[in-house]
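Here is the structure we will look at.
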Amino acid sequence: MPHPVHPPKSERRRPPMAARRLALRLGAVLIVAASALSGSAAMAEPSASAPKGPIGWDSYRHPERMSEIGSGNHTRQYSSFDRAGSNDDGFDGTYSCLRDADDGCVIAERSGAGEIDSIWFTRDEGDVSKTGNITIELDGKTVVKRSLQELVNGDAGAPFVYPLVANGDQSSGGVYIKVPMPYRESMRITTDNNPLFYHVDNREFTDAEDVTTFDPSDPANDVIDKLKAAGTADPKPARDGAKTTKDDVDVPAGDSATVATATGPGAITALRFTFPQLSAGDAASDHVLHDARLRISFDGKRTVDAPLGEFFGTGLGLYPVRSLMFGVDDSKKEFTAWWLMPYADSAKVEIANSSDTAISGGTVEVTTAPDDRWTDDLKPGGPAGYFTAIGNREEATNGRDHVFADTTGRGRVVGVTQTVEGLIKDGNTRDYLEGDERLFTDGSLSPDAHGTGTEDFYESGWYFNRDTFTNPMNGNPAHEDSKDNCQYDCTGMYRLFVAESPEFDSSVHFGIEHGPTDNEPAVEGSTTYLYQQPDTRMEWSDTVDVGDSSSEAAHDYTSTDPGESKKLTSGFEGHDGPPSPATLDGRSTSAPVEFTVAIDGKNDGVELRRLGDQNEGYQSAKVAVDGQDVGTWKQPLANKTARWLDDGFELPAASTGGKTSVTVRLSPEDGAAWSAAQYEALSRVTGAGDGDAPAKPAGSADTPSDNAITVTWNPAGDDVYAPTYELYASKTSGFEPSKDNLLAKTAVPGFAHAGLGLGETWYYRVRAVDAAGNAGSFSDEITGVSGSALRVEAESLLPPVDASAPVEAQANCCGVSWSGGTQLWFRPDSADQKVTVEFSVPADGTYELSAAQTRAPDYGITTLALDGDAIGDAVDGYDSKVAVPDPVGYGQHDLTAGKHRLTLTVTGKNDQASGFLAGVDFFDAKLVK
C-alpha cells in the first residue's frame with residue numbers, strides 16, 4: 001500500500017499572559033477562615049515537580065498534583081474483556097489469563113519502569129476466595145503473596161486496609177486494591193487460579209529516574225487517615241494566603257447568575273454550595289440538581305459546564321457522597337468540591353438554572369489562594385492544565401458508545417460521574433450496565449483501556465449487588481427502581497483516577513457502551529473531570545510502511561530475514577459502530593530489523609508506534625536507538641478475532657534529543673514472531689501544531705460472499721496522529737461527495753458496507769479529517785460489487801408477524817458472539833409454540849436457504865416453514881454448552897421479489913434439555929439462478 005504522506009509542519013506563536021495579583025470580587029461578602037473548606041496546615045510542597053508527576057504515595061498525599069500534565073506517562077489497562085467483541089468478559093475466564101505459568105495465571109506483565117495503581121476483581125457475586133493467592137512481583141522480587149480474599153478483607157494490615165483495599169461488601173460486589181506500587185524494571189501479577197473478571201490499571205514510565213520500588217512495610221497511615229476522611233475535608237495541604245468568601249445564591253427559573261469572580265494569578269481550592277430548599281425524593285429538588293448547570297470560566301474560557309448535582313457526584317437527586325475530591329452532606333444540603341482550579345488572570349463561577357424551580361436561599365463559599373506560579377505554568381506548553389468538567393447528556397444511540405470526553409490538546413482524565421436513566425421496560429431492566437468502557441489516547445487505533453462492564457468500571461460487581469455505597473475513589477450513591485421520579489431503573493455512579501489518571505498529549509476519546517453491544521435504550525448522562533491545555537505536544541514526524549518497497553528503501557529498512565510481505569484484513573478492538581476492517585500489508589520475523597526515521601530536532605522524547613498483527617501474544621523485542629540499548633518492547637496482548645493492534649514504545653529523550661533522525665534496531669526475543677505493518681515516529685515537541693490537512697488516501701474494495709462490500713484504504717499521514725475518515729457512497733459513478741451521501745465516519749481505515757442488494761455496484765470516495773477539523777483531499781473513486789448471498793440478521797426481523805410466546809433480541813452472552821452482536825431469542829415454556837417473521841428478497845430467483853441456530857442446555861427441537869410450507873429437517877437445539885454451530889441447510893426454493901414469511905416452531909425437546917427455548921442468529925438466502 002502507498003505509505004502516508006506528511007504535509008509540512010506549521011508553527012504557532014504563543015502570546016505571553018500578563019500576571020495580576022489575586023483580588024476576589026463577590027459584592028457584599030463575608031470573609032471566613034480558609035480552614036472551613038481547605039486543609040489547615042501550610043502547603044507542604046512535594047519534591048520538585050518530577051517529570052513523571054507524582055509517584056507512589058505522593059498521588060494521595062498531594063492530589064493537587066493531578067493538575068500537572070505533559071509527563072509522557074501512559075496509563076494502560078490489562079483486563080479480561082472479550083476479545084471477540086461479545087460479552088464473555090470473564091464468565092468462563094476465556095480471556096482472563098495472558099498466559100499460564102508454572103505458578104498460576106498471569107494477568108499483567110511488563111518490562112520497564114512503571115506503577116501498578118488499581119487492581120479490581122469479581123466472581124461468585126463478589127466472593128473471590130476461589131481465585132486463591134495473588135502474587136505481585138516488582139523488579140524480580142515478590143512484594144505480595146496472599147489469599148486474594150484475605151488481602152481485600154484487610155487481613156494483611158496497613159497499607160492493605162480499607163479504603164486502600166475493599167471487599168465485596170465494601171465495594172458492592174467487586175473487590176479492589178488501590179495501593180500504588182511503583183517499580184523500576186519489571187512487574188508481574190499472578191493468581192493461583194483463573195480469576196474470571198479483572199482489570200489492572202498500570203502507569204508506564206519512560207525510564208526509572210526518581211522511581212523507588214514499592215516498599216510493602218510502609219503502612220502509609222497518613223494516607224489511610226486522609227482517605228477515611230474523604231468527603232468531609234479538603235485532601236490537599238493548605239495553601240498560604242488562602243481565604244474563603246461566602247455569599248447568597250438566588251437564581252430564578254430559566255435564568256443565570258454569576259455567583260463568584262476572582263482575579264489572579266491564583267487558584268480556587270474549594271467550592272461549597274448550600275441549598276436548604278432541597279429534599280431527598282422531591283421532584284422539584286431533583287429537577288434543580290438535574291437541570292441547573294454549574295459553569296466555571298478560567299482566564300476567559302469556560303472549561304466547566306456540567307449538571308449541578310452530577311458535578312458533585314449525585315446526578316439523580318439529593319444523596320450522600322463521600323469521595324476524595326467532592327462530597328455531599330444530604331442532612332446539611334451541602335455540596336463541596338476540592339479540585340485544584342488554577343488561573344493566571346481570572347475565574348468566574350456561574351449557575352445556569354434551566355429547571356422550572358427557582359433556586360433561593362442558597363449560599364456559596366469559595367476558597368482561593370494567590371500564587372504567582374500559575375502565570376507561567378498555565379501558558380501554552382506549561383506544566384499545568386486548566387480544571388475541566390465536561391457534562392454530556394443524551395439519549396443513547398443504538399450501536400454507538402455514550403461519550404464521556406472527546407477532546408484535543410494535552411492533559412489527563414481524573415474522574416467520571418455517570419447518571420443513567422434506563423428505558424428497558426421489562427426483563428433485565430439493568431442490562432444497560434453490561435456496557436464496557438473504552439479509552440483511546442493520542443490517536444491510537446487500539447484502546448488504552450477496555451473494560452468488562454459498567455459496574456466493573458466503577459470497581460463493583462453484579463449490578464452493585466450489595467446496594468448503594470460511597471467510597472473515596474468509587475461509588476454508587478443512588479439506585480432508583482421505578483420510584484423517586486425514575487420511570488424504570490436509574491443508577492448514579494462515580495470513579496476517580498487519582499493515581500491511575502490517563503494522560504494524553506494530542507487527544508483523548510473516552511466512552512462507554514449502553515448494554516452488551518450498545519443496544520439497550522437509556523438516557524445517558526456524565527460529567528468527566530480533566531486537567532487540560534488546548535495545545536498539543538505530539539508531532540507525527542515519520543511513517544515506515546513495512547511491506548512497501550519504496551517506503552522500506554526510503555527508511556533503510558533492513559533485516560537478514562525480514563519475513564514475507566503479506567496482507568491481512570481484520571479489525572481493531574474496542575470501536576463502536578458498524579464493523580470497520582482494515583487491510584494492511586506487513587511482515588513477521590524472528591530476525592532483527594533496523595530502520596531510520598525522521599524526528600523533530602526539538603523533541604523531548606519520541607513515541608514509536610507500531611501497527612501489527614496480534615494473532616500471537618507475547619511479542620517481545622530489544623530496542624536500540626543509534627546503537628544504544630533503551631529497553632525491551634514486550635506486548636503480552638493477543639487477539640485472534642480483532643487482530644490489528646496499535647501499540648507504542650517510548651524512546652527516551654536521552655537517546656533522541658537534538659537529533660533529526662534516529663536508527664532503530666528491534667531484536668525479537670524468543671517466542672512469537674515480531675509483526676509490523678507500520679511504524680510511526682511521534683515526536684514530543686512543545687507547541688506542536690495541528691494546522692495541516694491530512695494526506696489523500698488511496699483505497700480498494702473487496703466483495704465478500706454476502707450482500708456487503710468491504711472498503712479499505714491506506715492510513716493518511718498528518719501532522720498529528722491520527723486522523724479520522726469520512727466515507728461517501730453512491731450507486732452513480734462520478735458522484736460528488738456531500739452530506740446526503742455520507743455513509744460513515746470511522747477512525748479505522750476501512751468499513752464494511754452491509755445490508756445491500758445482490759450484485760449491486762457501488763462507488764466510494766474517502767477523505768481524512770483531523771481533530772482540528774482540517775479536511776484532506778478526496779480519494780479517487782473506488783468501485784465495489786456486493787455478493788450473491790442475502791444475509792438477514794434474524795433479530796432485525798423483529799417485531800414478529802405473530803408469536804405464541806415471548807420473543808426478543810438477545811445480546812451476546814454466555815460465551816458466544818452472534819453475528820451482529822445479537823440473536824432472535826424465542827422463549828416458550830412448552831412445546832408446539834410458534835414465531836413468524838417476515839423478510840424480503842430483492843429479485844425473482846432460486847435461493848438456497850440456511851439458518852444459523854443457537855444450541856444450549858435449555859433449547860428445544862425446532863422446525864422451519866417457508867410461506868406456510870415445511871422445509872428441511874427438524875433441528876435439535878440441545879447442547880451441553882451454549883454454541884452456534886455452522887448454518888443448517890434448508891434446500892433451494894423459488895422465490896419472487898418481495899416479502900416472505902418464515903415460521904419457527906418448537907415441537908418438543910430431548911430428555912437432556914431443561915427447556916423449550918430457541919434462538920436464530922441469521923438467515924442466509926444465496927441466489928443460485
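As shown in the C-alpha cells, the chain order sets the letters A, B, ...; within each chain, residues go from 1, and ligands are also counted from 1 in the order they appear.
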Per-residue nearest contacts of stretch 50-128 of chain A to stretch 679-693 of chain A (12 Å; only C-alpha atoms) as a Markdown table:
```
| residue | atom | partner | partner_atom | distance |
| --- | --- | --- | --- | --- |
| A:Gly70 | CA | A:Arg684 | CA | 9.4 |
| A:Ser71 | CA | A:Arg684 | CA | 10.4 |
| A:Gly72 | CA | A:Arg684 | CA | 8.3 |
| A:Asn73 | CA | A:Arg684 | CA | 11.9 |
```
DSSP-assigned strand (DSSP E) members of stretch 791-894 of chain A, reported as JSON, numbers by chain | {"A": [791, 792, 793, 802, 803, 807, 808, 809, 810, 811, 822, 823, 824, 825, 826, 833, 834, 835, 836, 837, 838, 839, 840, 841, 845, 846, 847, 848, 849, 850, 851, 852, 853, 861, 862, 863, 864, 865, 866, 869, 870, 871, 872, 873, 874, 875, 876, 888, 889, 890, 891, 892, 893, 894]}
Hey, which of A:Thr131, A:Lys236, A:Asp88, A:Ser118 ends up closest to A:Val882? Count only C-alpha atoms.
->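 Once distances to A:Val882 are computed over only C-alpha atoms, the minimum belongs to A:Asp88.
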Suppose you want the space between atom CA of A:His555 and atom CA of A:Trp713; what is it in Å?
->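 Separation of atom CA of A:His555 and atom CA of A:Trp713: 22.0 Å.
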Between atom CA of A:Gly757 and atom CA of A:Val884 - distance in Å to one decimal |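 Going from atom CA of A:Val884 over to atom CA of A:Gly757 covers 26.0 Å.
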Can you list, as an MDAnalysis selection string, every protein, DNA or RNA residue that comes within 8 Å of stretch 80-87 of chain A when you count only C-alpha atoms, leaving out same-chain residues fewer than 3 positions away?
-> chainID A and resid 90 93:97 196:199 434 450:452 516:517 573:574 639:642 812:818 821
Go through A:Pro885, A:Gly699, A:Pro579, A:Gly750 one by one, measure the shortest atom-to-atom distance of each to A:Tyr763 using only C-alpha atoms, and give the residue with the smallest value.
->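 That would be A:Gly699, the residue with the smallest distance to A:Tyr763.
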Near stretch 173-179 of chain A, counting only C-alpha atoms, which residues have an atom at most 9 Å away, once you skip same-chain residues fewer than 3 positions from it, shown as a compact mmCIF listing (two decimals) with C-alpha atoms, in the first residue's frame?
```txt
# COMPACT_ATOMS: atom_id res chain seq x y z
CA GLY A 56 3.75 6.24 44.79
CA TRP A 57 2.10 7.70 47.89
CA ILE A 116 0.56 -0.51 39.41
CA ASP A 117 -2.24 1.78 40.56
CA SER A 118 -5.54 -0.09 40.60
CA ILE A 119 -6.45 -3.80 40.63
CA TRP A 120 -10.08 -4.99 40.57
CA PHE A 121 -11.66 -8.45 40.57
CA THR A 122 -15.02 -10.10 40.87
CA ARG A 123 -16.51 -13.57 40.64
CA ASP A 124 -19.12 -15.55 42.54
CA GLU A 125 -21.19 -12.48 43.46
CA GLY A 126 -18.10 -10.77 44.92
CA ASP A 127 -16.57 -13.70 46.82
CA VAL A 128 -13.07 -14.10 45.33
CA GLN A 149 -9.87 -12.68 49.68
CA LEU A 151 -5.91 -9.27 51.16
CA VAL A 152 -9.06 -7.33 50.21
CA ASN A 153 -10.55 -8.06 53.63
CA PRO A 159 -1.20 -0.29 53.84
CA PHE A 160 -3.53 -3.07 52.60
CA PRO A 163 -10.20 2.14 51.95
CA LEU A 164 -6.98 1.32 50.04
CA VAL A 165 -8.45 -2.17 49.61
CA ALA A 166 -12.09 -3.20 49.69
CA ASN A 167 -14.01 -6.46 49.65
CA GLY A 168 -17.34 -7.25 48.02
CA ASP A 169 -19.33 -5.80 50.91
CA GLN A 170 -17.39 -2.55 50.89
CA GLU A 455 -20.37 -1.58 37.34
CA ASP A 456 -16.96 -3.21 36.83
CA GLU A 459 -14.98 -1.27 40.62
CA SER A 460 -18.08 -3.03 41.90
CA GLY A 461 -19.88 -6.08 40.51
CA TRP A 462 -23.06 -7.96 39.73
CA TYR A 463 -25.15 -4.84 39.19
CA PHE A 464 -23.98 -3.40 42.55
CA ASN A 465 -25.39 -6.40 44.42
CA ARG A 466 -24.71 -5.01 47.91
CA ASP A 467 -26.77 -1.89 47.13
CA MET A 473 -12.38 6.57 44.81
CA ALA A 499 -3.12 7.70 40.87
```
For A:Leu148, list every protein, DNA or RNA residue within 9 Å, evaluated using only C-alpha atoms, and leave out those in the same chain fewer than 5 positions away; present the list as a PDB file with N, CA and C atoms, in the first residue's frame.
```pdb
ATOM      1  N   VAL A 128     -14.207 -13.753  46.203  1.00  0.00           N
ATOM      2  CA  VAL A 128     -13.074 -14.097  45.329  1.00  0.00           C
ATOM      3  C   VAL A 128     -12.197 -15.190  45.931  1.00  0.00           C
ATOM      4  N   SER A 129     -12.738 -15.959  46.863  1.00  0.00           N
ATOM      5  CA  SER A 129     -11.955 -16.989  47.531  1.00  0.00           C
ATOM      6  C   SER A 129     -11.379 -18.004  46.555  1.00  0.00           C
ATOM      7  N   LYS A 130     -12.154 -18.377  45.534  1.00  0.00           N
ATOM      8  CA  LYS A 130     -11.709 -19.412  44.607  1.00  0.00           C
ATOM      9  C   LYS A 130     -10.557 -18.965  43.713  1.00  0.00           C
ATOM     10  N   THR A 131     -10.244 -17.692  43.703  1.00  0.00           N
ATOM     11  CA  THR A 131      -9.091 -17.220  42.927  1.00  0.00           C
ATOM     12  C   THR A 131      -7.791 -17.650  43.599  1.00  0.00           C
ATOM     13  N   GLY A 132      -7.829 -17.921  44.891  1.00  0.00           N
ATOM     14  CA  GLY A 132      -6.630 -18.337  45.612  1.00  0.00           C
ATOM     15  C   GLY A 132      -5.725 -17.164  45.916  1.00  0.00           C
ATOM     16  N   ASN A 133      -4.427 -17.383  45.867  1.00  0.00           N
ATOM     17  CA  ASN A 133      -3.453 -16.331  46.170  1.00  0.00           C
ATOM     18  C   ASN A 133      -3.292 -15.373  45.006  1.00  0.00           C
ATOM     19  N   ILE A 134      -2.969 -14.142  45.331  1.00  0.00           N
ATOM     20  CA  ILE A 134      -2.463 -13.181  44.346  1.00  0.00           C
ATOM     21  C   ILE A 134      -0.996 -12.949  44.676  1.00  0.00           C
ATOM     22  N   THR A 135      -0.166 -12.987  43.627  1.00  0.00           N
ATOM     23  CA  THR A 135       1.269 -12.747  43.785  1.00  0.00           C
ATOM     24  C   THR A 135       1.651 -11.543  42.942  1.00  0.00           C
ATOM     25  N   ASN A 153      -9.881  -8.197  52.329  1.00  0.00           N
ATOM     26  CA  ASN A 153     -10.553  -8.063  53.626  1.00  0.00           C
ATOM     27  C   ASN A 153      -9.762  -7.178  54.581  1.00  0.00           C
ATOM     28  N   THR A 191      -2.285 -14.971  39.640  1.00  0.00           N
ATOM     29  CA  THR A 191      -3.222 -15.554  40.597  1.00  0.00           C
ATOM     30  C   THR A 191      -3.121 -17.079  40.507  1.00  0.00           C
TER      31      THR A 191
END
```
Quick one: everything within 7 Å of A:Glu395, counting only C-alpha atoms, minus sequence neighbours fewer than 5 positions away in the same chain. Send it as an MDAnalysis selection string.
-> chainID A and resid 522:524
Write the residues of the preceding selection, restricted to N, CA, C and O atoms, as a JSON list (two decimals), in the first residue's frame.
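Here's the written file part-v1.json:
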```json
[["chain", "number", "residue", "atom", "x", "y", "z"],
["A", 522, "ALA", "N", -31.55, 3.97, 26.81],
["A", 522, "ALA", "CA", -31.25, 4.68, 28.05],
["A", 522, "ALA", "C", -31.01, 6.14, 27.73],
["A", 522, "ALA", "O", -30.69, 6.51, 26.61],
["A", 523, "VAL", "N", -31.20, 6.98, 28.75],
["A", 523, "VAL", "CA", -30.72, 8.34, 28.71],
["A", 523, "VAL", "C", -29.43, 8.36, 29.53],
["A", 523, "VAL", "O", -29.45, 8.07, 30.73],
["A", 524, "GLU", "N", -28.33, 8.65, 28.85],
["A", 524, "GLU", "CA", -27.01, 8.58, 29.48],
["A", 524, "GLU", "C", -26.52, 9.99, 29.81],
["A", 524, "GLU", "O", -26.50, 10.86, 28.93]]
```
Determine, counting only C-alpha atoms, which protein, DNA and RNA residues have an atom within 10 Å of an atom of A:Lys696; residues of the same chain fewer than 5 positions away are not included. Present the result as a ChimeraX atom specification.
-> /A:4-5,714-718,766-768,775-780
Selection to disk with N, CA, C and O atoms, as a PDB file, in the first residue's frame:
```
ATOM      1  N   PRO A   4       1.893   6.729   3.989  1.00  0.00           N
ATOM      2  CA  PRO A   4       1.307   8.051   4.242  1.00  0.00           C
ATOM      3  C   PRO A   4       2.280   9.168   3.891  1.00  0.00           C
ATOM      4  O   PRO A   4       3.482   9.064   4.082  1.00  0.00           O
ATOM      5  N   VAL A   5       1.711  10.242   3.378  1.00  0.00           N
ATOM      6  CA  VAL A   5       2.498  11.436   3.059  1.00  0.00           C
ATOM      7  C   VAL A   5       2.263  12.457   4.157  1.00  0.00           C
ATOM      8  O   VAL A   5       1.135  12.680   4.586  1.00  0.00           O
ATOM      9  N   ASN A 714      -5.422   3.145   2.554  1.00  0.00           N
ATOM     10  CA  ASN A 714      -4.203   3.309   3.330  1.00  0.00           C
ATOM     11  C   ASN A 714      -4.371   4.411   4.372  1.00  0.00           C
ATOM     12  O   ASN A 714      -5.068   5.398   4.136  1.00  0.00           O
ATOM     13  N   PRO A 715      -3.759   4.272   5.557  1.00  0.00           N
ATOM     14  CA  PRO A 715      -3.809   5.355   6.539  1.00  0.00           C
ATOM     15  C   PRO A 715      -3.213   6.636   5.967  1.00  0.00           C
ATOM     16  O   PRO A 715      -2.177   6.616   5.303  1.00  0.00           O
ATOM     17  N   ALA A 716      -3.878   7.751   6.227  1.00  0.00           N
ATOM     18  CA  ALA A 716      -3.430   9.034   5.686  1.00  0.00           C
ATOM     19  C   ALA A 716      -2.523   9.734   6.678  1.00  0.00           C
ATOM     20  O   ALA A 716      -2.840   9.828   7.863  1.00  0.00           O
ATOM     21  N   GLY A 717      -1.388  10.248   6.203  1.00  0.00           N
ATOM     22  CA  GLY A 717      -0.476  10.995   7.059  1.00  0.00           C
ATOM     23  C   GLY A 717      -1.017  12.366   7.411  1.00  0.00           C
ATOM     24  O   GLY A 717      -1.861  12.936   6.710  1.00  0.00           O
ATOM     25  N   ASP A 718      -0.531  12.896   8.530  1.00  0.00           N
ATOM     26  CA  ASP A 718      -0.942  14.227   9.001  1.00  0.00           C
ATOM     27  C   ASP A 718       0.153  14.734   9.926  1.00  0.00           C
ATOM     28  O   ASP A 718       1.144  14.027  10.176  1.00  0.00           O
ATOM     29  N   VAL A 766     -13.281   8.613  -0.183  1.00  0.00           N
ATOM     30  CA  VAL A 766     -12.964   8.771   1.224  1.00  0.00           C
ATOM     31  C   VAL A 766     -11.985   9.925   1.390  1.00  0.00           C
ATOM     32  O   VAL A 766     -11.164  10.196   0.501  1.00  0.00           O
ATOM     33  N   ARG A 767     -12.084  10.625   2.510  1.00  0.00           N
ATOM     34  CA  ARG A 767     -11.105  11.652   2.847  1.00  0.00           C
ATOM     35  C   ARG A 767     -10.808  11.579   4.344  1.00  0.00           C
ATOM     36  O   ARG A 767     -11.615  11.072   5.135  1.00  0.00           O
ATOM     37  N   ALA A 768      -9.636  12.071   4.713  1.00  0.00           N
ATOM     38  CA  ALA A 768      -9.225  12.121   6.113  1.00  0.00           C
ATOM     39  C   ALA A 768      -9.509  13.506   6.684  1.00  0.00           C
ATOM     40  O   ALA A 768      -9.331  14.519   5.999  1.00  0.00           O
ATOM     41  N   ALA A 775      -9.601  19.134   6.652  1.00  0.00           N
ATOM     42  CA  ALA A 775     -10.004  18.036   5.784  1.00  0.00           C
ATOM     43  C   ALA A 775      -9.028  17.894   4.617  1.00  0.00           C
ATOM     44  O   ALA A 775      -8.659  18.882   3.976  1.00  0.00           O
ATOM     45  N   GLY A 776      -8.619  16.657   4.355  1.00  0.00           N
ATOM     46  CA  GLY A 776      -7.731  16.377   3.238  1.00  0.00           C
ATOM     47  C   GLY A 776      -8.494  16.198   1.943  1.00  0.00           C
ATOM     48  O   GLY A 776      -9.727  16.311   1.887  1.00  0.00           O
ATOM     49  N   SER A 777      -7.780  15.901   0.876  1.00  0.00           N
ATOM     50  CA  SER A 777      -8.386  15.691  -0.438  1.00  0.00           C
ATOM     51  C   SER A 777      -9.108  14.347  -0.487  1.00  0.00           C
ATOM     52  O   SER A 777      -8.725  13.393   0.194  1.00  0.00           O
ATOM     53  N   PHE A 778     -10.146  14.294  -1.339  1.00  0.00           N
ATOM     54  CA  PHE A 778     -10.864  13.045  -1.527  1.00  0.00           C
ATOM     55  C   PHE A 778     -10.025  12.054  -2.324  1.00  0.00           C
ATOM     56  O   PHE A 778      -9.253  12.437  -3.210  1.00  0.00           O
ATOM     57  N   SER A 779     -10.198  10.792  -2.016  1.00  0.00           N
ATOM     58  CA  SER A 779      -9.560   9.739  -2.800  1.00  0.00           C
ATOM     59  C   SER A 779     -10.161   9.690  -4.196  1.00  0.00           C
ATOM     60  O   SER A 779     -11.219  10.274  -4.467  1.00  0.00           O
ATOM     61  N   ASP A 780      -9.474   9.015  -5.079  1.00  0.00           N
ATOM     62  CA  ASP A 780     -10.081   8.674  -6.359  1.00  0.00           C
ATOM     63  C   ASP A 780     -11.248   7.731  -6.099  1.00  0.00           C
ATOM     64  O   ASP A 780     -11.348   7.111  -5.035  1.00  0.00           O
TER      65      ASP A 780
END
```
Secondary structure check, alpha helix (DSSP H) residues of stretch 77-248 of chain A, as a PyMOL selection string | chain A and resi 148-153+221-228
Given only C-alpha atoms, how would the per-residue table for stretch 149-239 of chain A near stretch 137-141 of chain A read, listing every residue at most 7 Å away with its closest atom pair and distance in Å to one decimal, sorted by chain and number, as a tab-separated table?
```
residue	atom	partner	partner_atom	distance
A:Tyr183	CA	A:Leu138	CA	5.7
A:Arg184	CA	A:Asp139	CA	6.4
A:Glu185	CA	A:Asp139	CA	5.2
A:Ser186	CA	A:Asp139	CA	4.8
A:Met187	CA	A:Leu138	CA	4.6
A:Arg188	CA	A:Glu137	CA	5.2
A:Ile189	CA	A:Glu137	CA	6.4
```
One decimal, Å: what's the distance from atom CA of A:Phe916 over to atom CA of A:Leu866, could you say?
->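 Result for atom CA of A:Phe916 versus atom CA of A:Leu866: 21.4 Å, one decimal.
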